[in-house]
Amino acid sequence: MSFDVLISGGRVLDGTGAPPYRADVGIDGDRVTAVGRLDGAPARTVIEAAGRFVAPGFVDCHAHGDAVVFEPGVQLAALRQGVTTFVLGQDGLSFAPGSAETVAYASRYFAAVNGALTEGPLTVAELLGGYDRAVPLNTVYLLPHGTIRYDVMGPSPDAASPGDLAKMRRHVERGLSEGAAGLSSGLEYLPGRYADAQELAALCEPLGALPYVTHMRAYGVRAEVGMAEVVDIATRSGAAVHVSHLHGPAPVLLPLVEEALGKGVDLTFDTYPYLRSNTILAMVVLPPSVPGAETERALAMIASGELDDWWQGLADLWPRLTVSHAPGMEWVEGLTMVAAADRAGVEPAELCRRLLTETRLQAGVVSARPDEGPEGEQSVRRMLRHPSQTGGSDGIYVGGHPHPRGFGAFARFLGQHVRELRDWTWEQAVVHLASHPARRFGLADRGLVRRGFAADLVVFDPAVVGDRATYASPRTLAEGVDDVIVSGVRVLAGGELTGATPGRALRP
């Protein structure tokens, strides 16, 4: 018996929830072909894993790598945490399917989140084809509801007509046939915010077993509103549901999760182990009356002075916002709105107006939550211990000072929440980060270390693995993951990229 790759001497966390056991893992082509004691078996490549765990590659259930996954720095950030698969198309906004105008809109409106991909028109098949074997990570794609709505209705706030719904549903059906793994919505973003439950349920009906993935309409203390709509959509359509970044407060959210499960809703959710968020500035600071999907109209309203009274009501918000992305005003990146305003010699409201205007609404911010502190941390811990939880970084890699979660979330799960806090055992961590999300998105041959499964594998040191990225230094790479294999090919060796690009565009 000989192998292309042999991982020797490690302890296997196979993804079933079983305790780790001593075994070698043999790989031929892109498959695991043997798991057991393979002492002395010849192999072209041998990875010595004594003292380390061998686990299935982690699936990041919520990643914003849509345009930036081609960048080596982003690839290294993910692989150094053991992430081998990005689930893209999040929050209802990405690049396909759509006309050239739609692709340009998604690139412009979500520039601070997904980055820019300005060439269109683009089908789901073409987008997946661009990822396939072009990067070292696997990619999974969700159909973005907001993009589809814009392609059919433009920025209109109107309810969808029967004809509009028929056109949107054809987009969904074609996208699924071309390999999409579900449908996402972003109900605090535009134009997704304009959709009602009836529209969303109609578009969920073709999903079958694939999930409806939602950035809900309301979170935090208003999460009951968001979860009620989720249950309504699931009940109308029969779709499985996956709720994005469901962090806290746990005393509010956990009863809502249990209530939905008790009603027969097939519900999962993802969380990341931080309290602060990262999004576009316009979504945080502009009132609903401003048509953020229509850049020129929005900028005219901002310039007119009619928002002056609105700005004055945001005094408590300014200290909680740190600028992450400001094209043309890079000097403010990494500063709070208050500190940037002080440096510019203006009030925070005026600095915000300048940011929105000079970046043409493309600025991004990291936002601290009001409940940041021990109570918020306890909520994060309680949420991640729920059996329906899966890991997601919500990683954003755009800008000079992004949130550290894209560079540290999965390593933080392992280093802090397993080794230090013991919120999970090692075997439970692999279920939450690999096998459970693989099942959720229909990746039937991934998420386990098992003969015949795809060879997406991570080798990590349990004594070392952990995050090093901070809010002050967000791009610092994680440590403790030195060897990663994707589709049978070594993509990380000694903690460095090998240059191989075996990542597949995965279709459920």
# chains A, B, ... in the order shown; residues from 1 in each chain; ligands from 1
call {"tool": "residues_around", "arguments": {"residues": "Arg80 in chain A", "least_positions_apart": "6", "cutoff": "7 Å", "atoms": "only C-alpha atoms", "output": "list in words"}}
result
Leu477, Ala478, Glu479, Val481, Asp482 and Gly495 of chain A
call {"tool": "residues_around", "arguments": {"residues": "Tyr274 in chain A", "least_positions_apart": "2", "cutoff": "9 Å", "atoms": "only C-alpha atoms", "output": "PyMOL selection string"}}
result
chain A and resi 247+271-272+276-277+377+380+405+409
call {"tool": "select_by_dssp", "arguments": {"residues": "range 195-282 of chain A", "states": "helix (DSSP H, G or I)", "output": "ChimeraX atom specification"}}
result
/A:197-207,220-237,250-262,281-282
call {"tool": "residues_around", "arguments": {"residues": "Thr214 in chain A", "least_positions_apart": "6", "cutoff": "8 Å", "atoms": "only C-alpha atoms", "output": "count of residues only"}}
result
10
call {"tool": "closest_residue", "arguments": {"among": "A:Glu350, A:Asp66, A:Glu199, A:Glu48", "to": "Ala160 in chain A", "atoms": "only C-alpha atoms"}}
result
A:Glu199
call {"tool": "residues_around", "arguments": {"residues": "Thr470 in chain A", "least_positions_apart": "6", "cutoff": "9 Å", "atoms": "only C-alpha atoms", "output": "count of residues only"}}
result
5
call {"tool": "closest_residue", "arguments": {"among": "A:Arg193, A:Arg37, A:His436, A:Arg369", "to": "Tyr21 in chain A", "atoms": "only C-alpha atoms"}}
result
A:Arg37
call {"tool": "select_by_dssp", "arguments": {"residues": "range 316-503 of chain A", "states": "strand (DSSP E)", "output": "number ranges by chain"}}
result
A: 321-325, 364-367, 389-391, 395-396, 457-460, 481-486, 489-493, 496-497
call {"tool": "residues_around", "arguments": {"residues": "Trp318 in chain A", "least_positions_apart": "4", "cutoff": "7 Å", "atoms": "only C-alpha atoms", "output": "compact mmCIF listing (two decimals) with N, CA and C atoms, in the first residue's frame"}}
result
# COMPACT_ATOMS: atom_id res chain seq x y z
N LEU A 314 -27.16 61.04 16.95
CA LEU A 314 -26.23 59.89 16.92
C LEU A 314 -25.02 60.10 17.83
N MET A 337 -14.53 57.48 15.03
CA MET A 337 -15.12 58.68 14.43
C MET A 337 -14.78 59.92 15.26
N VAL A 338 -14.73 59.76 16.57
CA VAL A 338 -14.41 60.89 17.44
C VAL A 338 -12.97 61.32 17.25
N PRO A 348 -17.94 65.10 14.98
CA PRO A 348 -18.09 63.77 14.38
C PRO A 348 -19.15 63.69 13.30
call {"tool": "residues_around", "arguments": {"residues": "range 124-132 of chain A", "least_positions_apart": "4", "cutoff": "8 Å", "atoms": "only C-alpha atoms", "output": "list in words"}}
result
Phe95, Ala96, Pro97, Asn138, Thr139, Tyr141, Gly175, Glu178, Gly179, Ala180, Pro502, Gly503, Arg504 and Ala505 of chain A
call {"tool": "closest_residue", "arguments": {"among": "A:Gly447, A:Gly400, A:Gly305, A:Gly192", "to": "Glu330 in chain A", "atoms": "only C-alpha atoms"}}
result
A:Gly400
call {"tool": "closest_residue", "arguments": {"among": "A:Phe441, A:Phe110, A:Phe58, A:Phe460", "to": "Gly415 in chain A", "atoms": "only C-alpha atoms"}}
result
A:Phe460
call {"tool": "closest_residue", "arguments": {"among": "A:Ala411, A:Ala434, A:Met329, A:Ala197", "to": "Leu79 in chain A", "atoms": "only C-alpha atoms"}}
result
A:Ala411
